[in-house]
Number of protein chains: 2
Amino acid sequence: MKASKIKKTIKVTFLPFETCVEVPQGISILEAVQKSGLPLKTSCGGQGTCGDCVVRILSGTYRKKSSAALSDRLVSQGYALACQTTIKSDLTLQLPQFQEVPIKSAIDSRFFQKDRLSGYYEIDPPLKKIDLKLSPPSLEDNTSDLKKLERELGKKMTGNHLHYEYSVLKKLAHTVRQSQREISIALFKSREQTAIIDVFSKSERKGIYGIACDIGTSTVVLHLVDLQSGEILSSASSFNQQIKGGEDIISRINYSQKAGGLQELHDLIGGTINRLIEKTAVTVGVSSSEIYYASVSGNTTMTHLFLNLEPRFIREEPYVPTLNQVPFVLARDVGLNINSEARITCAPAVGSYVGGDITAGLLCTPILRDSDRNSLFIDVGTNGELVLGNKDWLLTCACSAGPAFEGGGIKCGMPASPGAIEGVKIHDIGQLEYKVIDSSKPKGLCGSGLVDLLAELFIHGYIDRNGKFDEIKTKGMVVDTEEGKGFIIEGSLKSFWGKDLVITERDISHLIRSKGAVYSACSVLLKNSGLDYDKIEAFYIAGGFGQRLNIENAVRIGLLPDVDRQKFHYLGNSSLLGAYLILLTDKNRDFVNRIADKMTYLELNTEPSYMNEYTGALFLPHTEMDLFPSVKKLFSSKA
Amino acid sequence: MKASKIKKTIKVTFLPFETCVEVPQGISILEAVQKSGLPLKTSCGGQGTCGDCVVRILSGTYRKKSSAALSDRLVSQGYALACQTTIKSDLTLQLPQFQEVPIKSAIDSRFFQKDRLSGYYEIDPPLKKIDLKLSPPSLEDNTSDLKKLERELGKKMTGNHLHYEYSVLKKLAHTVRQSQREISIALFKSREQTAIIDVFSKSERKGIYGIACDIGTSTVVLHLVDLQSGEILSSASSFNQQIKGGEDIISRINYSQKAGGLQELHDLIGGTINRLIEKTAVTVGVSSSEIYYASVSGNTTMTHLFLNLEPRFIREEPYVPTLNQVPFVLARDVGLNINSEARITCAPAVGSYVGGDITAGLLCTPILRDSDRNSLFIDVGTNGELVLGNKDWLLTCACSAGPAFEGGGIKCGMPASPGAIEGVKIHDIGQLEYKVIDSSKPKGLCGSGLVDLLAELFIHGYIDRNGKFDEIKTKGMVVDTEEGKGFIIEGSLKSFWGKDLVITERDISHLIRSKGAVYSACSVLLKNSGLDYDKIEAFYIAGGFGQRLNIENAVRIGLLPDVDRQKFHYLGNSSLLGAYLILLTDKNRDFVNRIADKMTYLELNTEPSYMNEYTGALFLPHTEMDLFPSVKKLFSSKA
């Protein structure tokens with residue numbers, strides 16, 4: 001008998017997803033995380049020096065090899081370095097990026113200006129509750145229950161061919177009798193189908209509810225909506241549990257090709273959404289069986305994975321999705337824990353790389369209604385997607401921007417959640433001032449903070465147009481890190497993690513490549529439509545920057561073009577708001593489906609000018625300073 | 001420790017249903033059958049004298065207490081008296097009434113005369129297979145798979161709003177690629193819905209099939225149909241496994257009120273049909289997943305139980321079924337083992353006591369198309385149902401006829417299956433001649449044989465107008481039985497069971513009450529419509545009599561009115577033929593639904609004249625001999 005065979009097996013549970021792995025006793029937490037498939041940053045390769053792999057242990061026993069990189073305060077709160085901690089018993093822990101749920105709401109009043117919406121803000125969802133009073137039966141009129149129901153319904157609506165869910169037939173006889181013939185039905189009426197999907201006693205006073213859900217590659221946000229008033233009753237967001245299968249779309253598609261991989265990713269996103277549904281429903285005392293309709297938006301890959309459809313051909317040339325426009329599916333088909341007959345609609349994609357998150361987002365702009373004004377919609381994310389045009393024509397493209405502006409791949413980057421620096425200002429005397437979301441001690445920087453930081457460093461000469469540190473100017477402000485020199489934003493004493501918050505040249509390079517990809521995509525899109533920036537009358541910016549975005553700074557770094565600042569409108573999470581608008585009325589669903597069908601997709605990879613444009617955009621703000629006259633003027637006034 | 005506690009438990013399995021019961025060792029087979037709930041006749045109360053409870057043991061060991069009532073030939077074939085046999089080990093056995101499957105087919109050419117059909121004989125089922133060739137994708141045309149499918153389909157049909165089953169979306173991407181873009185779809189197109197319910201590779205050369213099924217209270221018959229040619233590929237029939245829950249509708253409804261009773265009855269009928277589906281499909285090499293459509297007919301209770309719907313209110317005043325017209329349901333909703341997305345249609349009922357078997361049956365007559373000619377449709381069964389009228393009006397009623405003409409409740413009665421005497425003739429010299437179905441030795445009499453026997457006994461004076469034996473005339477032809485005197489049809493030496501085949505006065509009384517119920521219902525129906533028999537130009541007779549029915553004899557006993565014999569048409573199983581016609585084209589489905597909706601139901605229980613009419617009909621042929629002039633003439637010529 002070998003000794004290794006009798007080693008005890010330990011269960012490690014990761015919150016908030018309750019992902020579990022079984023590992024042998026005595027291995028490090030880092031090894032356990034790696035086995036789980038969940039992501040955990042480490043810059044030093046497990047040497048205990050970078051301090052990136054900090055986790056929070058909530059229960060269980062463990063042994064610290066060293067705690068050099070962690071303050072006593074953090075250690076006392078259960079924080080530990082994963083690479084320097086060995087497991088002694090069953091553990092429950094939280095990875096750093098999952099400690100806070102990002103703030104990503106579409107109901108922020110600033111983003112919800114009805115006059116700005118392209119979609120109709122009208123409360124006329126396809127799912128309605130209708131009360132019916134059936135006449136009592138007699139020997140003279142012993143009409144069947146179903147016929148009586150149809151007769152009464154016929155008085156309230158002009159009927160097409162009614163479809164009945166089997167479950168309605170099943171419970172009809174008893175519901176009619178138990179309710180003393182005062183019943184309510186849940187009627188789903190769309191162009192495709194008129195169906196009775198539930199019947200219940202009127203006296204139950206059941207409500208009818210819907211959900212609007214934005215499935216982001218990283219984050220999922222959900223509203224629970226009263227379908228009778230249109231009111232958003234509660235909201236919740238969470239990381240997309242699919243993170244286990246990789247952080248970006250390509251990794252997820254690759255993961256789905258493993259045996260059982262697609263089903264697993266489908267179950268993970270289903271689990272994430274179900275958790276949010278439960279959370280929102282419990283908050284306001286709604287039963288999940290009262291949720292009859294769901295509107296979902298996400299990129300093409302997320303939509304395929306949500307629907308459990310093969311995503312492989314999205315990334316294989318010639319990039320053919322199974323579907324762009326999505327027929328209604330049933331909650332039970334995709335494993336959502338709401339009424340099993342609930343209908344689900346997904347915002348339509350235009351193609352493999354312009355998905356339902358974009359078409360839904362367009363509903364939050366007046367683009368689709370303005371035939372005279374040309375507008376440009378820009379969604380900055382790991383994939384940047386752009387839409388240019390007006391009511392009569394729409395041209396769209398996608399570019400690989402990388403996750404930098406969502407805080408991804410940046411040493412101290414993080415989503416816009418409590419502890420994130422969301423704004424930065426460097427005063428002329430060199431003092432750096434920042435604003436933290438809901439916390440006194442900063443944990444990192446979210447997108448809007450990074451935009452500000454990059455612009456401020458550039459404008460004040462701490463970095464040059466290549467994004468390299470000015471040695472003289474940054475003297476004493478820079479430290480060495482595993483990833484090269486880092487400009488200190490906050491020192492170890494005042495930062496949450498007890499270590500310096502820095503931005504490295506490598507981070508800056510990521511940010512420049514991201515902004516360059518977006519800006520050059522804009523340029524190619526404009527050239528292909530024969531327009532220049534002056535002809536664009538409005539710019540709608542969406543993305544995971546956070547709650548606010550300093551447009552001036554976004555222009556200064558060359559992310560956005562140097563035009564009249566009044567033309568810019570920051571939308572926040574337009575995908576979620578679009579999903580909500582689609583939920584509210586079928587007019588919006590029809591509208592966005594028609595529009596998606598008409599949109600022309602421009603493939604940048606086969607566009608010869610794109611690489612040139614991109615190369616030119618890899619400077620601050622751009623190789624051609626003349627494209628950014630306000631920045632040029634700023635520098636000449638400083639000089 | 002009590003001895004009874006260590007008694008071994010034995011498993012007894014009843015074929016063909018594989019119903020199992022666990023019983024203690026040493027009890028009699030009769031006790032085991034009683035525990036199973038399956039029916040088994042016994043006239044002597046388990047004394048071993050009547051010989052009714054004969055079963056056939058196929059495997060296992062047992063001990064015979066006595067075998068007086070059984071011949072050595074039968075004993076050597078495994079037959080045993082259930083009351084006289086104790087169980088020693090696990091047993092498999094067959095009850096007498098389940099040894100032969102009844103012959104009950106609608107494809108007998110005599111019953112299938114197209115010119116007689118009211119329904120259209122047209123091969124245009126709502127379920128069609130359509131081949132589509134999708135164009136190859138390219139970077140210039142990377143339209144989604146679904147859109148390509150829609151485009152090609154659009155060339156072949158003018159599209160409404162298409163509905164997709166989720167399973168189609170799920171397998172689309174791989175089917176398109178594996179088939180080299182040559183796919184076939186199963187399209188269901190009815191007025192209610194146009195839906196793609198399957199997609200597969202064209203090269204699979206999968207067929208599309210349907211089933212037509214008549215669910216009788218006692219017997220279930222099924223055709224497997226090629227939906228492309230309309231051809232009936234194979235047929236099968238079996239007893240309705242629900243027999244466990246009682247032999248008639250009322251017993252079944254009562255059984256359904258027990259805890260779990262409805263589900264059990266639903267599962268039993270599902271099991272019966274699934275067995276027939278498997279049998280027919282295997283015979284012709286069809287996969288059950290290729291069966292996409294089913295048309296079912298049955299009385300209102302059978303339809304409810306098949307659909308797993310509460311049948312209770314059918315028999316409680318004011319007799320309100322959950323539904324009469326039945327929306328489409330899916331195979332998976334009702335547990336049929338065919339393609340899980342298959343659509344199922346049920347023939348519509350008129351009310352609690354006139355069901356889909358009758359409306360489907362009407363499609364096999366020209367009643368629905370003849371506006372000038374009045375016709376009368378008579379379905380003789382445990383419940384007799386009648387429909388009178390023409391294209392412009394239809395009046396219907398139901399009466400409790402009892403199962404006598406199906407062989408039920410008659411000492412030597414049996415369904416029309418091998419071994420049944422289906423025809424009887426008594427020659428003037430007193431010699432009785434009979435015809436047996438597919439067997440040399442008779443086992444009993446089916447409906448047509450009973451009609452003949454009753455008529456012959458009556459005409460030749462062996463019984464009087466009350467159905468009592470003429471003592472003088474029957475001298476030496478009558479034996480004593482547990483149930484009184486019995487007229488010997490065949491002696492023990494020549495009968496299959498090795499015991500006398502007899503008809504008792506009690507049997508004759510049952511038959512007279514049955515025919516009286518039907519005839520008096522006819523009379524009341526006619527009176528209510530102000531017509532007399534002369535005004536009826538055609539009589540369509542359906543029912544479980546067997547393959548043929550001697551109309552002359554049916555008139556002589558007063559079951560059918562004494563009118564021109566040319567007016568009578570025996571239809572056999574019109575319910576099954578109707579289900580087949582509904583399967584073939586939606587025109588028939590629409591037609592029969594519209595008709596059912598217009599039919600007027602006459603409740604005999606509240607009809608004052610019915611009891612008078614019934615009492616008058618309890619003679620041979622009737623109290624008023626003048627109503628049967630041909631019979632009167634026969635007797636006066638004999639006198």
# chains A, B, ... in the order shown; residues from 1 in each chain; ligands from 1
$ residues_around --residues "range 403-405 of chain A" --least-positions-apart "6" --cutoff "6 Å" --atoms "only C-alpha atoms" --output "ChimeraX atom specification"
/A:381-382,447,511
$ interface_residues --of "chain A" --to "chain B" --cutoff "6 Å" --atoms "only C-alpha atoms" --output "MDAnalysis selection string"
chainID A and resid 138:139 142 144:146 161 170 173 192 309 318 320:323
$ atom_distance --atom1 "CA of Thr303 in chain A" --atom2 "CA of Glu406 in chain A"
20.6 Å
$ residues_around --residues "Tyr533 in chain A" --least-positions-apart "3" --cutoff "10 Å" --atoms "only C-alpha atoms" --output "PDB file with N, CA and C atoms, in the first residue's frame"
ATOM      1  N   ASN A 374     -26.576  61.440 -38.416  1.00  0.00           N
ATOM      2  CA  ASN A 374     -25.743  60.250 -38.308  1.00  0.00           C
ATOM      3  C   ASN A 374     -25.235  60.148 -36.887  1.00  0.00           C
ATOM      4  N   SER A 375     -25.269  58.961 -36.353  1.00  0.00           N
ATOM      5  CA  SER A 375     -24.781  58.745 -35.001  1.00  0.00           C
ATOM      6  C   SER A 375     -23.788  57.589 -34.995  1.00  0.00           C
ATOM      7  N   LEU A 376     -22.983  57.570 -33.962  1.00  0.00           N
ATOM      8  CA  LEU A 376     -22.042  56.465 -33.796  1.00  0.00           C
ATOM      9  C   LEU A 376     -22.219  55.902 -32.390  1.00  0.00           C
ATOM     10  N   CYS A 522     -13.331  52.970 -35.373  1.00  0.00           N
ATOM     11  CA  CYS A 522     -14.186  54.124 -35.705  1.00  0.00           C
ATOM     12  C   CYS A 522     -13.770  54.708 -37.053  1.00  0.00           C
ATOM     13  N   SER A 523     -12.482  54.899 -37.191  1.00  0.00           N
ATOM     14  CA  SER A 523     -11.974  55.552 -38.401  1.00  0.00           C
ATOM     15  C   SER A 523     -12.313  54.742 -39.640  1.00  0.00           C
ATOM     16  N   LEU A 526     -15.968  54.951 -40.490  1.00  0.00           N
ATOM     17  CA  LEU A 526     -16.305  56.231 -41.121  1.00  0.00           C
ATOM     18  C   LEU A 526     -15.843  56.269 -42.568  1.00  0.00           C
ATOM     19  N   LYS A 527     -14.621  55.833 -42.786  1.00  0.00           N
ATOM     20  CA  LYS A 527     -14.102  55.859 -44.164  1.00  0.00           C
ATOM     21  C   LYS A 527     -14.971  55.000 -45.074  1.00  0.00           C
ATOM     22  N   ILE A 536     -20.857  63.367 -37.959  1.00  0.00           N
ATOM     23  CA  ILE A 536     -21.527  62.549 -36.942  1.00  0.00           C
ATOM     24  C   ILE A 536     -22.072  63.485 -35.863  1.00  0.00           C
ATOM     25  N   GLU A 537     -23.347  63.398 -35.651  1.00  0.00           N
ATOM     26  CA  GLU A 537     -23.949  64.380 -34.761  1.00  0.00           C
ATOM     27  C   GLU A 537     -24.112  63.903 -33.325  1.00  0.00           C
ATOM     28  N   ALA A 538     -23.916  62.610 -33.129  1.00  0.00           N
ATOM     29  CA  ALA A 538     -23.999  62.127 -31.748  1.00  0.00           C
ATOM     30  C   ALA A 538     -23.155  60.879 -31.596  1.00  0.00           C
ATOM     31  N   PHE A 539     -22.521  60.779 -30.436  1.00  0.00           N
ATOM     32  CA  PHE A 539     -21.708  59.610 -30.101  1.00  0.00           C
ATOM     33  C   PHE A 539     -22.270  59.012 -28.820  1.00  0.00           C
ATOM     34  N   PRO A 561     -12.899  60.475 -30.490  1.00  0.00           N
ATOM     35  CA  PRO A 561     -12.421  61.529 -31.392  1.00  0.00           C
ATOM     36  C   PRO A 561     -12.594  62.925 -30.774  1.00  0.00           C
ATOM     37  N   ASP A 562     -11.811  63.814 -31.257  1.00  0.00           N
ATOM     38  CA  ASP A 562     -11.750  65.174 -30.699  1.00  0.00           C
ATOM     39  C   ASP A 562     -12.811  66.055 -31.356  1.00  0.00           C
ATOM     40  N   VAL A 563     -14.047  65.869 -30.910  1.00  0.00           N
ATOM     41  CA  VAL A 563     -15.147  66.668 -31.456  1.00  0.00           C
ATOM     42  C   VAL A 563     -15.853  67.366 -30.292  1.00  0.00           C
TER      43      VAL A 563
END
$ select_by_dssp --residues "range 294-333 of chain A" --states "strand (DSSP E or B)" --output "list in words"
Ala294, Ser295, Val296, Ser297, Gly298, Val329 and Leu330 of chain A
$ select_by_dssp --residues "range 117-230 of chain A" --states "helix (DSSP H, G or I)" --output "ChimeraX atom specification"
/A:145-156,166-178,202-204
$ residues_around --residues "Ser636 in chain A" --least-positions-apart "6" --cutoff "12 Å" --atoms "only C-alpha atoms" --output "JSON, numbers by chain"
{"A": [459, 625, 629, 630]}
$ write_last_selection --atoms "all heavy atoms" --output "compact mmCIF listing (two decimals), in the first residue's frame"
# COMPACT_ATOMS: atom_id res chain seq x y z
N ILE A 459 -1.04 64.16 -19.82
CA ILE A 459 -1.15 65.61 -19.87
C ILE A 459 -0.09 66.28 -19.00
O ILE A 459 0.49 67.30 -19.37
CB ILE A 459 -2.57 66.04 -19.42
CG1 ILE A 459 -3.62 65.57 -20.43
CG2 ILE A 459 -2.66 67.55 -19.20
CD1 ILE A 459 -3.41 66.10 -21.84
N MET A 625 -1.09 64.09 -34.55
CA MET A 625 -1.59 64.98 -33.51
C MET A 625 -2.71 65.90 -34.05
O MET A 625 -3.59 66.32 -33.30
CB MET A 625 -0.42 65.82 -32.97
CG MET A 625 -0.68 66.46 -31.63
SD MET A 625 -1.12 65.28 -30.30
CE MET A 625 -0.34 66.07 -28.91
N PRO A 629 -6.98 68.25 -32.26
CA PRO A 629 -6.56 69.66 -32.12
C PRO A 629 -6.64 70.17 -30.69
O PRO A 629 -5.78 70.96 -30.27
CB PRO A 629 -7.53 70.40 -33.05
CG PRO A 629 -8.64 69.44 -33.34
CD PRO A 629 -8.07 68.07 -33.22
N SER A 630 -7.61 69.72 -29.92
CA SER A 630 -7.72 70.25 -28.54
C SER A 630 -6.56 69.77 -27.70
O SER A 630 -6.06 70.49 -26.82
CB SER A 630 -9.06 69.86 -27.92
OG SER A 630 -9.06 68.53 -27.47
$ residues_around --residues "range 442-446 of chain B" --least-positions-apart "3" --cutoff "6 Å" --atoms "only C-alpha atoms" --output "ChimeraX atom specification"
/B:407,412-416,419-422,449,495-496
$ residues_around --residues "range 612-623 of chain B" --least-positions-apart "3" --cutoff "8 Å" --atoms "only C-alpha atoms" --output "ChimeraX atom specification"
/B:458,464-467,512-513,515-517,519-521,523-524,555-559,608-609,627-628,631
$ write_last_selection --atoms "C-alpha atoms" --output "CSV table (one decimal), in the first residue's frame"
chain,number,residue,atom,x,y,z
B,458,PHE,CA,-86.4,-17.1,-31.1
B,464,ASP,CA,-90.4,-17.2,-26.2
B,465,ARG,CA,-90.8,-13.4,-26.6
B,466,ASN,CA,-89.7,-12.9,-23.0
B,467,GLY,CA,-86.5,-14.8,-23.8
B,512,ILE,CA,-82.6,-8.3,-24.6
B,513,ARG,CA,-81.9,-5.4,-22.3
B,515,LYS,CA,-81.0,-4.4,-27.7
B,516,GLY,CA,-84.0,-2.7,-25.9
B,517,ALA,CA,-81.8,0.2,-24.8
B,519,TYR,CA,-83.9,0.4,-30.0
B,520,SER,CA,-85.7,2.6,-27.5
B,521,ALA,CA,-83.0,5.3,-27.8
B,523,SER,CA,-87.3,5.7,-31.1
B,524,VAL,CA,-86.9,8.6,-28.7
B,555,VAL,CA,-83.9,-6.9,-37.0
B,556,ARG,CA,-85.5,-10.2,-35.9
B,557,ILE,CA,-84.4,-9.7,-32.3
B,558,GLY,CA,-85.6,-6.0,-32.4
B,559,LEU,CA,-82.1,-4.4,-32.2
B,608,PRO,CA,-89.8,11.2,-19.9
B,609,SER,CA,-90.7,8.9,-22.8
B,627,LEU,CA,-93.5,-2.4,-35.3
B,628,PHE,CA,-91.8,-5.5,-36.8
B,631,VAL,CA,-91.1,-10.8,-38.0
$ atom_distance --atom1 "CA of Lys128 in chain A" --atom2 "CA of Lys189 in chain A"
8.0 Å
$ atom_distance --atom1 "CA of Ile183 in chain A" --atom2 "CA of Val168 in chain A"
12.0 Å
$ residues_around --residues "Ser184 in chain A" --least-positions-apart "5" --cutoff "12 Å" --atoms "only C-alpha atoms" --output "list in words"
Lys128, Lys129, Ile130, Asp131, Leu132, Lys133, Leu134, Leu149, Glu152, Leu153, Val168, Leu172, Thr175, Val176, Ser179, Ile196, Ile197, Asp198, Val199, Phe200, Ser201, Lys202, Ser203, Glu204, Arg205, Lys206, Gly207 and Ile208 of chain A
$ closest_residue --among "B:Lys473, B:Arg506, B:Lys567, B:Lys391" --to "Lys598 in chain B" --atoms "only C-alpha atoms"
B:Lys391
$ decode --residues "range 57-80 of chain A" --atoms "N, CA and C atoms" --output "tab-separated table (two decimals), in the first residue's frame"
chain	number	residue	atom	x	y	z
A	57	ILE	N	-10.08	33.49	3.27
A	57	ILE	CA	-10.53	32.19	3.74
A	57	ILE	C	-11.65	32.41	4.76
A	58	LEU	N	-12.79	31.81	4.50
A	58	LEU	CA	-13.96	32.05	5.34
A	58	LEU	C	-14.15	30.96	6.40
A	59	SER	N	-13.71	29.76	6.09
A	59	SER	CA	-13.76	28.70	7.10
A	59	SER	C	-12.78	27.60	6.75
A	60	GLY	N	-12.33	26.85	7.77
A	60	GLY	CA	-11.40	25.77	7.55
A	60	GLY	C	-10.03	26.08	8.17
A	61	THR	N	-9.20	25.05	8.21
A	61	THR	CA	-7.86	25.26	8.77
A	61	THR	C	-6.80	25.13	7.67
A	62	TYR	N	-5.74	25.91	7.85
A	62	TYR	CA	-4.70	26.00	6.83
A	62	TYR	C	-3.40	26.41	7.51
A	63	ARG	N	-2.31	26.26	6.78
A	63	ARG	CA	-1.01	26.62	7.35
A	63	ARG	C	-0.33	27.62	6.42
A	64	LYS	N	0.10	28.76	7.02
A	64	LYS	CA	0.78	29.79	6.24
A	64	LYS	C	2.26	29.47	6.15
A	65	LYS	N	2.80	29.44	4.92
A	65	LYS	CA	4.24	29.27	4.79
A	65	LYS	C	4.92	30.60	5.10
A	66	SER	N	4.34	31.69	4.69
A	66	SER	CA	4.91	33.02	4.90
A	66	SER	C	3.80	34.02	4.71
A	67	SER	N	3.90	35.14	5.34
A	67	SER	CA	2.86	36.14	5.11
A	67	SER	C	3.48	37.50	4.89
A	68	ALA	N	4.68	37.44	4.36
A	68	ALA	CA	5.46	38.65	4.15
A	68	ALA	C	4.68	39.72	3.39
A	69	ALA	N	3.97	39.29	2.36
A	69	ALA	CA	3.33	40.27	1.49
A	69	ALA	C	1.98	40.76	2.02
A	70	LEU	N	1.55	40.30	3.18
A	70	LEU	CA	0.24	40.70	3.69
A	70	LEU	C	0.33	41.38	5.06
A	71	SER	N	-0.42	42.40	5.25
A	71	SER	CA	-0.43	43.10	6.54
A	71	SER	C	-1.17	42.27	7.59
A	72	ASP	N	-0.85	42.54	8.85
A	72	ASP	CA	-1.54	41.83	9.94
A	72	ASP	C	-3.04	42.05	9.89
A	73	ARG	N	-3.43	43.28	9.50
A	73	ARG	CA	-4.86	43.59	9.42
A	73	ARG	C	-5.56	42.63	8.46
A	74	LEU	N	-4.96	42.44	7.29
A	74	LEU	CA	-5.57	41.54	6.30
A	74	LEU	C	-5.56	40.10	6.79
A	75	VAL	N	-4.41	39.70	7.39
A	75	VAL	CA	-4.32	38.33	7.89
A	75	VAL	C	-5.39	38.08	8.94
A	76	SER	N	-5.62	39.09	9.79
A	76	SER	CA	-6.63	38.92	10.84
A	76	SER	C	-8.03	38.82	10.24
A	77	GLN	N	-8.20	39.33	9.04
A	77	GLN	CA	-9.52	39.24	8.38
A	77	GLN	C	-9.65	37.96	7.54
A	78	GLY	N	-8.63	37.10	7.61
A	78	GLY	CA	-8.72	35.82	6.89
A	78	GLY	C	-8.05	35.83	5.53
A	79	TYR	N	-7.43	36.95	5.17
A	79	TYR	CA	-6.76	36.99	3.87
A	79	TYR	C	-5.47	36.18	3.93
A	80	ALA	N	-5.13	35.57	2.83
A	80	ALA	CA	-3.89	34.79	2.78
A	80	ALA	C	-3.42	34.73	1.34
